[in-house]
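Shown here: work-v4.txt, compact mmCIF, C-alpha atoms.
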# COMPACT_ATOMS: atom_id res chain seq x y z
CA MET A 1 -61.99 183.68 -136.72
CA SER A 2 -62.73 182.62 -140.30
CA THR A 3 -62.00 179.20 -141.72
CA ALA A 4 -59.22 180.71 -143.82
CA GLU A 5 -57.52 181.90 -140.61
CA ARG A 6 -57.80 178.42 -139.18
CA VAL A 7 -55.72 176.83 -141.93
CA SER A 8 -54.15 173.89 -140.16
CA GLU A 9 -51.08 171.79 -140.66
CA THR A 10 -53.17 169.35 -142.69
CA SER A 11 -53.59 171.90 -145.51
CA ILE A 12 -51.46 171.33 -148.58
CA THR A 13 -48.54 173.39 -149.80
CA LEU A 14 -46.88 173.81 -153.18
CA ALA A 15 -44.17 171.43 -151.98
CA ASP A 16 -46.84 168.75 -151.43
CA VAL A 17 -48.08 169.16 -155.00
CA VAL A 18 -44.55 169.06 -156.42
CA ALA A 19 -43.83 165.88 -154.44
CA ALA A 20 -47.07 164.35 -155.74
CA ARG A 21 -45.98 165.18 -159.27
CA GLU A 22 -42.87 163.06 -158.84
CA ARG A 23 -44.88 160.13 -157.47
CA LEU A 24 -47.34 160.29 -160.35
CA ARG A 25 -44.91 161.11 -163.14
CA ASN A 26 -44.65 157.62 -164.68
CA SER A 27 -48.21 156.47 -163.94
CA ILE A 28 -50.51 159.33 -165.01
CA TYR A 29 -51.12 160.52 -168.55
CA TYR A 30 -49.82 164.03 -169.24
CA SER A 31 -53.13 165.15 -170.72
CA PRO A 32 -53.14 167.63 -173.63
CA CYS A 33 -54.26 171.23 -173.29
CA ALA A 34 -55.06 172.53 -176.75
CA HIS A 35 -56.24 175.98 -177.74
CA SER A 36 -59.79 176.13 -179.15
CA GLN A 37 -60.32 178.86 -181.72
CA MET A 38 -64.04 178.12 -181.90
CA LEU A 39 -64.65 178.28 -178.13
CA SER A 40 -62.48 181.37 -177.88
CA SER A 41 -64.67 183.10 -180.43
CA ILE A 42 -67.89 182.12 -178.63
CA THR A 43 -66.79 182.97 -175.08
CA GLY A 44 -64.63 186.04 -175.64
CA GLN A 45 -61.72 184.37 -173.81
CA GLN A 46 -58.66 182.58 -175.20
CA VAL A 47 -59.79 179.08 -174.26
CA PHE A 48 -57.51 176.09 -173.69
CA LEU A 49 -59.06 172.70 -172.86
CA LYS A 50 -57.24 170.49 -170.35
CA LEU A 51 -58.54 167.05 -171.37
CA GLU A 52 -58.56 164.97 -168.19
CA ASN A 53 -61.28 162.81 -169.76
CA LEU A 54 -58.41 161.08 -171.59
CA GLN A 55 -56.96 159.53 -168.44
CA MET A 56 -56.99 155.73 -168.22
CA THR A 57 -60.14 155.70 -166.06
CA GLY A 58 -61.70 158.63 -167.92
CA SER A 59 -61.25 161.19 -165.13
CA PHE A 60 -58.78 163.31 -163.18
CA LYS A 61 -59.77 161.42 -160.02
CA GLU A 62 -57.04 158.84 -160.42
CA ARG A 63 -54.37 161.48 -159.72
CA GLY A 64 -55.51 162.00 -156.14
CA ALA A 65 -56.27 158.33 -155.60
CA LEU A 66 -52.80 157.29 -156.75
CA ASN A 67 -51.02 159.90 -154.65
CA ARG A 68 -52.85 158.68 -151.56
CA ILE A 69 -52.11 155.04 -152.39
CA ALA A 70 -48.45 155.83 -153.00
CA LEU A 71 -48.18 157.21 -149.45
CA LEU A 72 -49.43 154.01 -147.78
CA THR A 73 -47.00 152.28 -145.46
CA PRO A 74 -46.21 148.62 -146.28
CA GLU A 75 -48.46 147.57 -143.38
CA GLN A 76 -51.35 149.72 -144.63
CA ALA A 77 -50.92 148.41 -148.17
CA ALA A 78 -51.06 144.83 -146.90
CA ARG A 79 -54.39 145.50 -145.17
CA GLY A 80 -55.94 147.11 -148.26
CA VAL A 81 -57.96 150.23 -149.00
CA VAL A 82 -61.65 151.07 -149.04
CA ALA A 83 -63.58 153.91 -150.68
CA ALA A 84 -67.15 155.05 -151.22
CA SER A 85 -68.04 156.30 -154.67
CA ALA A 86 -70.62 156.05 -157.43
CA GLY A 87 -68.16 156.56 -160.26
CA ASN A 88 -64.85 158.19 -161.05
CA HIS A 89 -63.15 157.99 -157.65
CA ALA A 90 -64.12 154.32 -157.45
CA GLN A 91 -62.43 153.53 -160.74
CA GLY A 92 -59.31 155.53 -159.88
CA VAL A 93 -58.83 153.74 -156.57
CA ALA A 94 -59.62 150.34 -158.10
CA TYR A 95 -57.21 150.73 -161.01
CA HIS A 96 -54.17 152.03 -159.15
CA ALA A 97 -54.59 149.85 -156.05
CA THR A 98 -54.98 146.68 -158.09
CA LYS A 99 -52.03 147.62 -160.30
CA ARG A 100 -49.88 147.66 -157.13
CA GLY A 101 -51.27 144.43 -155.74
CA ILE A 102 -53.33 146.18 -153.05
CA ARG A 103 -56.79 144.92 -152.16
CA ALA A 104 -59.48 147.53 -152.89
CA VAL A 105 -63.07 147.46 -151.62
CA ILE A 106 -65.44 150.00 -153.16
CA VAL A 107 -68.89 150.64 -151.68
CA MET A 108 -71.36 151.95 -154.25
CA PRO A 109 -75.03 152.92 -153.84
CA LEU A 110 -77.56 150.32 -154.98
CA ALA A 111 -78.77 152.60 -157.79
CA THR A 112 -75.30 152.97 -159.35
CA PRO A 113 -75.56 152.34 -163.14
CA LEU A 114 -74.40 148.87 -164.14
CA VAL A 115 -71.78 150.31 -166.51
CA LYS A 116 -69.97 151.98 -163.59
CA VAL A 117 -70.20 148.89 -161.37
CA THR A 118 -68.85 146.74 -164.19
CA ALA A 119 -66.01 149.17 -164.91
CA THR A 120 -64.97 149.29 -161.24
CA ARG A 121 -64.96 145.51 -161.00
CA GLY A 122 -63.09 145.38 -164.28
CA PHE A 123 -60.28 147.42 -162.72
CA GLY A 124 -59.97 144.75 -160.02
CA ALA A 125 -61.92 146.07 -157.02
CA GLU A 126 -64.35 144.20 -154.79
CA VAL A 127 -67.63 146.09 -155.21
CA VAL A 128 -70.15 146.23 -152.38
CA LEU A 129 -73.57 147.61 -153.33
CA HIS A 130 -75.15 149.26 -150.32
CA GLY A 131 -77.53 152.11 -149.53
CA ALA A 132 -79.93 154.32 -151.41
CA ASN A 133 -77.41 157.15 -151.87
CA TYR A 134 -73.78 158.17 -151.45
CA ASP A 135 -74.19 159.06 -147.78
CA GLU A 136 -75.38 155.56 -146.90
CA ALA A 137 -72.62 154.00 -149.02
CA TYR A 138 -70.10 156.21 -147.23
CA GLU A 139 -71.25 155.04 -143.82
CA GLU A 140 -70.96 151.39 -144.89
CA ALA A 141 -67.47 152.02 -146.27
CA ARG A 142 -66.43 153.54 -142.95
CA ARG A 143 -67.87 150.51 -141.13
CA ILE A 144 -65.92 148.09 -143.35
CA CYS A 145 -62.79 150.21 -142.92
CA ALA A 146 -63.00 150.01 -139.11
CA ALA A 147 -64.00 146.34 -139.00
CA GLN A 148 -61.17 145.19 -141.27
CA ASN A 149 -58.56 147.77 -140.25
CA MET A 150 -58.22 149.06 -143.82
CA THR A 151 -57.28 152.56 -145.02
CA PHE A 152 -60.11 154.81 -146.16
CA ILE A 153 -59.42 156.92 -149.26
CA HIS A 154 -61.73 159.93 -149.29
CA PRO A 155 -62.74 161.28 -152.73
CA PHE A 156 -61.77 164.87 -151.87
CA ASP A 157 -61.35 165.74 -148.17
CA ASP A 158 -57.76 164.52 -147.84
CA PRO A 159 -54.56 166.57 -148.24
CA ALA A 160 -52.84 163.81 -150.25
CA VAL A 161 -55.81 163.53 -152.61
CA MET A 162 -55.85 167.31 -153.06
CA ALA A 163 -52.12 167.35 -153.77
CA GLY A 164 -52.54 164.67 -156.42
CA GLN A 165 -55.28 166.65 -158.17
CA GLY A 166 -53.10 169.75 -157.89
CA THR A 167 -50.58 168.25 -160.33
CA ILE A 168 -52.95 169.43 -163.07
CA GLY A 169 -52.11 172.99 -162.05
CA LEU A 170 -48.38 172.39 -162.49
CA GLU A 171 -49.00 170.95 -165.95
CA LEU A 172 -51.11 173.96 -166.94
CA LEU A 173 -48.29 176.32 -166.00
CA GLU A 174 -46.00 174.38 -168.32
CA GLN A 175 -48.47 174.05 -171.17
CA ILE A 176 -49.87 177.59 -171.44
CA PRO A 177 -47.43 180.49 -171.62
CA ASP A 178 -48.78 183.63 -169.93
CA LEU A 179 -51.74 181.78 -168.40
CA GLU A 180 -54.19 184.28 -166.88
CA ALA A 181 -57.08 182.20 -165.53
CA VAL A 182 -58.19 178.66 -164.75
CA VAL A 183 -61.82 177.52 -164.56
CA VAL A 184 -62.36 174.39 -162.47
CA PRO A 185 -65.46 172.29 -161.67
CA ILE A 186 -66.28 172.12 -157.94
CA GLY A 187 -67.85 169.30 -155.97
CA GLY A 188 -66.29 168.72 -152.56
CA GLY A 189 -63.29 170.89 -153.43
CA GLY A 190 -60.46 168.39 -153.89
CA LEU A 191 -59.71 169.31 -157.50
CA ILE A 192 -59.98 173.08 -157.23
CA GLY A 193 -58.18 173.09 -153.87
CA GLY A 194 -55.15 171.31 -155.27
CA VAL A 195 -55.10 173.23 -158.55
CA ALA A 196 -55.58 176.59 -156.81
CA CYS A 197 -52.70 175.91 -154.41
CA ALA A 198 -50.37 174.95 -157.27
CA ILE A 199 -51.37 177.94 -159.39
CA LYS A 200 -51.51 180.68 -156.76
CA GLU A 201 -48.31 179.67 -154.99
CA SER A 202 -46.54 179.71 -158.38
CA ASN A 203 -48.14 182.87 -159.76
CA PRO A 204 -50.69 184.72 -157.58
CA ARG A 205 -51.77 186.93 -160.52
CA ILE A 206 -53.52 184.00 -162.22
CA LYS A 207 -57.24 183.89 -161.42
CA VAL A 208 -58.80 180.65 -160.19
CA ILE A 209 -62.55 180.37 -160.74
CA GLY A 210 -64.77 177.53 -159.62
CA ALA A 211 -67.96 176.38 -161.37
CA GLN A 212 -70.61 174.46 -159.45
CA THR A 213 -74.06 173.14 -160.31
CA SER A 214 -76.83 175.41 -159.04
CA ARG A 215 -78.70 172.29 -157.87
CA LEU A 216 -76.03 171.56 -155.22
CA PRO A 217 -73.96 174.72 -154.55
CA SER A 218 -72.42 173.30 -151.37
CA MET A 219 -69.03 174.99 -151.72
CA LYS A 220 -70.51 178.37 -152.64
CA VAL A 221 -72.72 178.20 -149.54
CA ALA A 222 -69.77 177.10 -147.38
CA VAL A 223 -67.63 180.02 -148.53
CA GLU A 224 -70.47 182.46 -147.89
CA GLN A 225 -71.02 181.10 -144.35
CA HIS A 226 -67.34 180.31 -143.63
CA ARG A 227 -68.16 176.74 -142.65
CA PRO A 228 -69.31 173.53 -144.33
CA VAL A 229 -73.10 173.31 -144.53
CA THR A 230 -75.11 170.23 -145.44
CA ILE A 231 -77.60 171.27 -148.11
CA PRO A 232 -80.75 169.37 -149.17
CA PRO A 233 -80.36 166.52 -151.69
CA ALA A 234 -81.02 167.14 -155.36
CA THR A 235 -80.53 165.37 -158.66
CA THR A 236 -78.22 166.72 -161.35
CA ILE A 237 -76.65 165.55 -164.59
CA ALA A 238 -73.34 166.67 -163.04
CA ASP A 239 -73.36 163.65 -160.74
CA GLY A 240 -69.58 163.72 -160.36
CA ILE A 241 -69.84 166.96 -158.35
CA ALA A 242 -73.15 166.19 -156.62
CA VAL A 243 -71.77 166.84 -153.13
CA ARG A 244 -74.11 168.03 -150.38
CA ARG A 245 -71.41 169.21 -147.97
CA ALA A 246 -68.09 170.89 -148.70
CA GLY A 247 -64.96 169.35 -147.24
CA GLU A 248 -63.57 170.37 -143.86
CA VAL A 249 -60.02 170.13 -145.26
CA THR A 250 -60.74 171.63 -148.68
CA LEU A 251 -62.75 174.69 -147.57
CA PRO A 252 -59.84 176.62 -145.96
CA VAL A 253 -57.71 176.08 -149.06
CA ILE A 254 -60.48 177.36 -151.32
CA GLU A 255 -61.15 180.39 -149.15
CA ARG A 256 -57.46 181.19 -149.28
CA TYR A 257 -56.82 180.75 -153.01
CA VAL A 258 -60.01 180.76 -155.13
CA ASP A 259 -61.06 184.13 -156.57
CA GLU A 260 -64.64 183.42 -157.59
CA ILE A 261 -67.30 180.69 -157.52
CA VAL A 262 -70.17 180.70 -160.02
CA THR A 263 -73.06 178.32 -160.60
CA VAL A 264 -74.65 176.93 -163.75
CA ASP A 265 -77.99 175.19 -164.23
CA GLU A 266 -78.85 171.86 -165.84
CA ASP A 267 -79.67 173.17 -169.32
CA GLU A 268 -76.44 175.16 -169.39
CA ILE A 269 -74.40 172.08 -168.49
CA ALA A 270 -76.22 170.01 -171.11
CA SER A 271 -75.54 172.68 -173.72
CA ALA A 272 -71.81 172.63 -172.86
CA ILE A 273 -71.71 168.84 -173.26
CA LEU A 274 -73.30 169.18 -176.68
CA VAL A 275 -70.93 171.96 -177.76
CA LEU A 276 -67.91 169.89 -176.75
CA LEU A 277 -69.22 166.83 -178.54
CA GLU A 278 -70.29 168.56 -181.74
CA ARG A 279 -67.68 171.28 -182.12
CA GLU A 280 -64.63 169.87 -180.34
CA LYS A 281 -65.27 166.12 -180.85
CA THR A 282 -64.73 165.72 -177.11
CA LEU A 283 -66.95 163.65 -174.82
CA ALA A 284 -67.48 165.15 -171.35
CA GLU A 285 -69.72 164.10 -168.48
CA GLY A 286 -71.88 166.66 -166.71
CA ALA A 287 -69.33 167.46 -164.02
CA GLY A 288 -66.55 167.65 -166.60
CA ALA A 289 -68.41 170.23 -168.70
CA THR A 290 -69.42 172.54 -165.84
CA GLY A 291 -66.43 174.85 -166.18
CA LEU A 292 -66.99 175.37 -169.88
CA ALA A 293 -70.70 175.96 -169.23
CA SER A 294 -69.80 178.92 -167.01
CA LEU A 295 -67.78 180.48 -169.84
CA LEU A 296 -70.36 179.80 -172.54
CA GLN A 297 -73.01 181.48 -170.38
CA LYS A 298 -70.65 184.34 -169.46
CA LYS A 299 -71.09 183.72 -165.73
CA THR A 300 -67.51 184.65 -164.77
CA SER A 301 -65.86 188.05 -164.42
CA LEU A 302 -63.22 187.18 -167.02
CA ASN A 303 -62.70 189.46 -169.98
CA GLY A 304 -60.52 188.22 -172.83
CA ALA A 305 -58.18 186.22 -170.61
CA ARG A 306 -55.95 183.31 -171.61
CA THR A 307 -58.06 180.73 -169.80
CA ALA A 308 -57.61 177.03 -169.12
CA VAL A 309 -60.80 175.02 -168.66
CA ILE A 310 -60.46 171.65 -167.00
CA ILE A 311 -62.59 168.97 -168.67
CA GLY A 312 -62.59 166.76 -165.61
CA GLY A 313 -64.06 163.53 -166.95
CA GLY A 314 -65.87 161.76 -169.76
CA ASN A 315 -67.68 158.91 -168.03
CA ILE A 316 -71.24 159.58 -169.06
CA ASP A 317 -74.06 157.08 -169.39
CA VAL A 318 -74.99 156.65 -173.05
CA THR A 319 -78.73 156.86 -172.38
CA LEU A 320 -78.24 160.17 -170.59
CA LEU A 321 -76.04 161.36 -173.44
CA SER A 322 -78.76 160.57 -175.98
CA ARG A 323 -81.28 162.62 -173.98
CA ILE A 324 -78.84 165.51 -173.71
CA ILE A 325 -78.25 165.48 -177.45
CA GLU A 326 -81.98 165.43 -178.20
CA ARG A 327 -82.70 168.21 -175.70
CA GLY A 328 -79.85 170.28 -177.09
CA LEU A 329 -81.23 169.94 -180.61
CA VAL A 330 -84.61 171.17 -179.37
CA GLN A 331 -83.05 174.17 -177.62
CA ASP A 332 -81.07 175.05 -180.75
CA GLY A 333 -84.20 174.90 -182.90
CA ARG A 334 -82.86 171.94 -184.85
CA MET A 335 -85.65 169.64 -183.67
CA ILE A 336 -89.25 170.70 -183.14
CA ARG A 337 -92.58 169.00 -182.48
CA LEU A 338 -95.78 170.40 -183.95
CA ARG A 339 -99.40 169.40 -183.28
CA ILE A 340 -101.25 170.01 -186.55
CA HIS A 341 -105.02 169.78 -187.12
CA LEU A 342 -106.12 168.10 -190.35
CA LEU A 343 -109.38 167.20 -192.05
CA ASP A 344 -109.99 163.47 -191.67
CA LYS A 345 -110.08 162.77 -195.40
CA PRO A 346 -107.95 160.86 -197.91
CA GLY A 347 -104.88 162.80 -199.04
CA ALA A 348 -104.80 165.29 -196.15
CA LEU A 349 -101.67 163.75 -194.64
CA ALA A 350 -100.05 163.44 -198.07
CA GLU A 351 -100.57 167.17 -198.70
CA LEU A 352 -98.97 168.02 -195.35
CA THR A 353 -95.93 165.80 -195.87
CA LYS A 354 -95.50 167.20 -199.39
CA LEU A 355 -95.36 170.73 -197.95
CA ILE A 356 -92.83 169.64 -195.32
CA ALA A 357 -90.68 167.88 -197.94
CA HIS A 358 -90.77 170.95 -200.17
CA HIS A 359 -89.04 172.94 -197.43
CA ARG A 360 -86.40 170.22 -196.97
CA VAL A 361 -87.42 169.44 -193.39
CA ASN A 362 -86.97 165.85 -192.23
CA ILE A 363 -89.76 163.94 -190.43
CA VAL A 364 -88.42 162.01 -187.44
CA ASP A 365 -91.61 160.72 -185.79
CA THR A 366 -95.40 161.00 -186.10
CA LEU A 367 -98.44 160.22 -183.93
CA TYR A 368 -101.80 160.31 -185.69
CA ASN A 369 -104.82 160.85 -183.44
CA ARG A 370 -108.62 161.10 -183.73
CA ALA A 371 -109.81 160.64 -180.15
CA TYR A 372 -107.76 163.05 -178.02
CA TYR A 373 -106.82 166.74 -177.77
CA GLY A 374 -110.47 167.88 -178.21
CA VAL A 375 -110.56 166.93 -181.88
CA ASN A 376 -113.91 167.54 -183.63
CA LEU A 377 -115.65 164.74 -185.47
CA GLY A 378 -114.40 164.77 -189.02
CA ASP A 379 -111.04 166.18 -187.94
CA THR A 380 -107.82 164.63 -186.71
CA THR A 381 -104.48 165.78 -185.35
CA ILE A 382 -100.95 164.68 -185.94
CA ASP A 383 -98.03 165.18 -183.58
CA ILE A 384 -95.02 165.38 -185.84
CA THR A 385 -91.37 165.62 -184.79
CA LEU A 386 -89.19 167.39 -187.33
CA GLU A 387 -85.45 167.75 -187.83
CA THR A 388 -84.37 171.13 -189.20
CA ARG A 389 -81.24 173.14 -189.93
CA GLY A 390 -82.14 175.72 -187.31
CA PRO A 391 -84.50 178.57 -186.36
CA ALA A 392 -84.47 180.15 -189.84
CA GLN A 393 -85.74 176.99 -191.48
CA VAL A 394 -88.33 176.55 -188.72
CA ALA A 395 -89.63 180.06 -189.34
CA GLU A 396 -89.84 179.33 -193.07
CA LEU A 397 -91.84 176.14 -192.46
CA LEU A 398 -94.25 177.82 -190.02
CA ALA A 399 -94.87 180.61 -192.52
CA ALA A 400 -95.73 178.00 -195.15
CA LEU A 401 -98.15 176.27 -192.74
CA ASP A 402 -99.83 179.62 -192.04
CA ALA A 403 -100.14 180.32 -195.75
CA GLY A 404 -101.66 176.88 -196.26
CA GLY A 405 -104.34 177.53 -193.64
CA TYR A 406 -103.13 174.89 -191.21
CA VAL A 407 -104.04 175.14 -187.54
CA TYR A 408 -101.09 174.06 -185.41
CA SER A 409 -99.31 174.55 -182.09
CA ARG A 410 -95.76 173.96 -181.00
CA VAL A 411 -95.35 171.14 -178.46
CA LEU A 412 -92.65 171.83 -175.87

Show me, as structure tokens, the structure contained in the file I just sent.
Amino acid sequence: MSTAERVSETSITLADVVAARERLRNSIYYSPCAHSQMLSSITGQQVFLKLENLQMTGSFKERGALNRIALLTPEQAARGVVAASAGNHAQGVAYHATKRGIRAVIVMPLATPLVKVTATRGFGAEVVLHGANYDEAYEEARRICAAQNMTFIHPFDDPAVMAGQGTIGLELLEQIPDLEAVVVPIGGGGLIGGVACAIKESNPRIKVIGAQTSRLPSMKVAVEQHRPVTIPPATTIADGIAVRRAGEVTLPVIERYVDEIVTVDEDEIASAILVLLEREKTLAEGAGATGLASLLQKKTSLNGARTAVIIGGGNIDVTLLSRIIERGLVQDGRMIRLRIHLLDKPGALAELTKLIAHHRVNIVDTLYNRAYYGVNLGDTTIDITLETRGPAQVAELLAALDAGGYVYSRVL
């Protein structure tokens, strides 16, 4: 018997999502879902962006957290809640629990960036730093939960959390007439499970497609094997969906409702972040941009559909963002690094920079060297980082270097 055939009473229904909508109605931002002409042209779909990065905590996660908190009994609320998270779930639980006067303890891995720890504390939670990774933080959170008789709020493997995330699906049905497809990031399955239930039970003709990082395709593997499988650890810029094992509760819902699961790699996710930032003026974290990455890379089976893409969150570390921007510029040919051999004589560097300036290319950084890279006596090399308008201008500059007799190589 497959997991889909073992759907239990704990699985959510459309009624659960509708009930969650009423609980959340006055506490969650009704995020916009605007049509993007530019992304539609690039992807071949009619693309609408559901901007969950505009929620109070910067992520959709607070929907599920709030729905679970709203279902606490008075006795449970008095004892408080505990969660394990390195980011968005932590902030969602902290914000909505504190707002209702409920004690919240969040266990975060020791390596959690300070900005996320500070934000979680800022929303009113007690933060416990423990463990080298999420799994160790999770075990500590469970220990605290049992020791203090608190209520554990799981980031995805909980019917109430799924139902809360599913309210996005109800909003999409209202916001996009004749909706044909929804593309959703996948980690443990809480978001796509709730959205898929809401969408498919309302209109089964609408396609639901999941996008997962190829570094940690835990849900794709689980669907293929019809059971949750713990996959090896890996690092990814989509840390919000870096889940090694699909949920026991979410998997049956996904097998029942989701039409397709695709994966995208790190460079593809980074490119989607850059496209959103530069073209749409929208900041997305790695997990939040995964769905769009699958469309930009034409990974799905969609063909010209009216498609909603959920931008799940915008909580990205600024140092990571700067690296993504720089790497994206390199991939687009708008930033290059050349290693150029020069005669070690007065004026040689001036002649080179004059040539570069003539072709309107901007110098970003230089490293002048006489002792390395096998340079002959009497010669030198310069590593020079250049900012260009794109591949055409790069080709023009390289042709000019060739004509000038320069020996150079491109540094990748």

Review point. Which residues, written as number ranges by chain, have at least one atom at most 8 Å from region 251-263 of chain A, with all atoms listed in the file counted and residues fewer than 2 positions away on the same chain left out?
Key: A: 3-7, 11-12, 189, 192-193, 196-197, 200, 207-214, 217, 219-220, 222-223, 227-228, 246-249, 265, 294, 299-300

Separating CA of Thr43 (chain A) from CA of Val330 (chain A), to the nearest tenth of an Å, is a gap of 21.8 Å

From CA of Thr290 (chain A) to CA of Glu224 (chain A) the spacing works out at 20.5 Å

For the point (-57.5, 165.6, -163.1) in the file's frame, write as a PyMOL selection string all residues with an atom no more than 6 Å away, counting only C-alpha atoms.
-> chain A and resi 52+60-61+165+168+312

Would you mind exporting the chosen residues as a PDB file, in the coordinates of the input, restricted to C-alpha atoms?
ATOM      1  CA  GLU A  52     -58.560 164.970-168.190  1.00  0.00           C
ATOM      2  CA  PHE A  60     -58.780 163.310-163.180  1.00  0.00           C
ATOM      3  CA  LYS A  61     -59.770 161.420-160.020  1.00  0.00           C
ATOM      4  CA  GLN A 165     -55.280 166.650-158.170  1.00  0.00           C
ATOM      5  CA  ILE A 168     -52.950 169.430-163.070  1.00  0.00           C
ATOM      6  CA  GLY A 312     -62.590 166.760-165.610  1.00  0.00           C
TER       7      GLY A 312
END

What separates CA of Thr230 (chain A) and CA of Thr250 (chain A) is a distance of 14.8 Å

TODO: Tell me which of A:Ile382, A:Ala86, A:Leu172, A:Ala137 sits closest to Asp239 (chain A), counting all atoms listed in the file.
DONE: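 Nearest to Asp239 (chain A): A:Ala86.
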
Option closest in space to Leu49 (chain A), from A:Ile273, A:Ile325, A:Val264, A:Leu292 [counting all atoms listed in the file]: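 Among A:Ile273, A:Ile325, A:Val264, A:Leu292, it is A:Leu292 that comes nearest to Leu49 (chain A).
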
At a cut-off of 10 Å around the point (-85.0, 172.9, -195.2) (file coordinates), what residues fall inside when counting only C-alpha atoms? I'd like the answer as a ChimeraX atom specification. /A:356-362,387-390,392-394,396-397

Output file for the selection above: C-alpha atoms, as a PDB file, in the coordinates of the input:
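Produced file result21.pdb, reproduced below:
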ATOM      1  CA  ILE A 356     -92.830 169.640-195.320  1.00  0.00           C
ATOM      2  CA  ALA A 357     -90.680 167.880-197.940  1.00  0.00           C
ATOM      3  CA  HIS A 358     -90.770 170.950-200.170  1.00  0.00           C
ATOM      4  CA  HIS A 359     -89.040 172.940-197.430  1.00  0.00           C
ATOM      5  CA  ARG A 360     -86.400 170.220-196.970  1.00  0.00           C
ATOM      6  CA  VAL A 361     -87.420 169.440-193.390  1.00  0.00           C
ATOM      7  CA  ASN A 362     -86.970 165.850-192.230  1.00  0.00           C
ATOM      8  CA  GLU A 387     -85.450 167.750-187.830  1.00  0.00           C
ATOM      9  CA  THR A 388     -84.370 171.130-189.200  1.00  0.00           C
ATOM     10  CA  ARG A 389     -81.240 173.140-189.930  1.00  0.00           C
ATOM     11  CA  GLY A 390     -82.140 175.720-187.310  1.00  0.00           C
ATOM     12  CA  ALA A 392     -84.470 180.150-189.840  1.00  0.00           C
ATOM     13  CA  GLN A 393     -85.740 176.990-191.480  1.00  0.00           C
ATOM     14  CA  VAL A 394     -88.330 176.550-188.720  1.00  0.00           C
ATOM     15  CA  GLU A 396     -89.840 179.330-193.070  1.00  0.00           C
ATOM     16  CA  LEU A 397     -91.840 176.140-192.460  1.00  0.00           C
TER      17      LEU A 397
END

Self-check item: Top pick for closest residue to His130 (chain A), considering A:Thr167, A:Thr118, A:Asn67, A:Ser85 and counting all atoms listed in the file
Solution: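 Nearest to His130 (chain A): A:Ser85.
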
So that I can see what lies close to Leu398 (chain A), please list as a compact mmCIF listing (two decimals) with C-alpha atoms, in the coordinates of the input the residues with an atom at most 12 Å from it, counting all atoms listed in the file and leaving out residues fewer than 4 positions away in the same chain.
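The resulting file, selection.txt, is reproduced below:
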# COMPACT_ATOMS: atom_id res chain seq x y z
CA ILE A 336 -89.25 170.70 -183.14
CA ARG A 337 -92.58 169.00 -182.48
CA LEU A 338 -95.78 170.40 -183.95
CA ARG A 339 -99.40 169.40 -183.28
CA ILE A 340 -101.25 170.01 -186.55
CA LEU A 355 -95.36 170.73 -197.95
CA ILE A 356 -92.83 169.64 -195.32
CA HIS A 359 -89.04 172.94 -197.43
CA VAL A 361 -87.42 169.44 -193.39
CA LEU A 386 -89.19 167.39 -187.33
CA THR A 388 -84.37 171.13 -189.20
CA PRO A 391 -84.50 178.57 -186.36
CA ALA A 392 -84.47 180.15 -189.84
CA GLN A 393 -85.74 176.99 -191.48
CA VAL A 394 -88.33 176.55 -188.72
CA ASP A 402 -99.83 179.62 -192.04
CA ALA A 403 -100.14 180.32 -195.75
CA GLY A 404 -101.66 176.88 -196.26
CA GLY A 405 -104.34 177.53 -193.64
CA TYR A 406 -103.13 174.89 -191.21
CA VAL A 407 -104.04 175.14 -187.54
CA TYR A 408 -101.09 174.06 -185.41
CA SER A 409 -99.31 174.55 -182.09
CA ARG A 410 -95.76 173.96 -181.00

Let me have the centre and edge lengths in Å, one decimal, of the box along x, y and z around every listed atom of region 345-350 of chain A with 3 Å of margin on each side, as AutoDock Vina command-line options.
--center_x -105.1 --center_y 163.1 --center_z -196.8 --size_x 16.0 --size_y 10.4 --size_z 10.4

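The smallest atom-to-atom distance between Leu54 (chain A) and any of A:Ile324, A:Tyr30, A:Ala350, A:Glu174, using all atoms listed in the file, is found for A:Tyr30.
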
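Minimum distance to Leu295 (chain A) across A:Thr120, A:Ser59, A:Gln148, A:Ser40 (counting only C-alpha atoms) occurs at A:Ser40.
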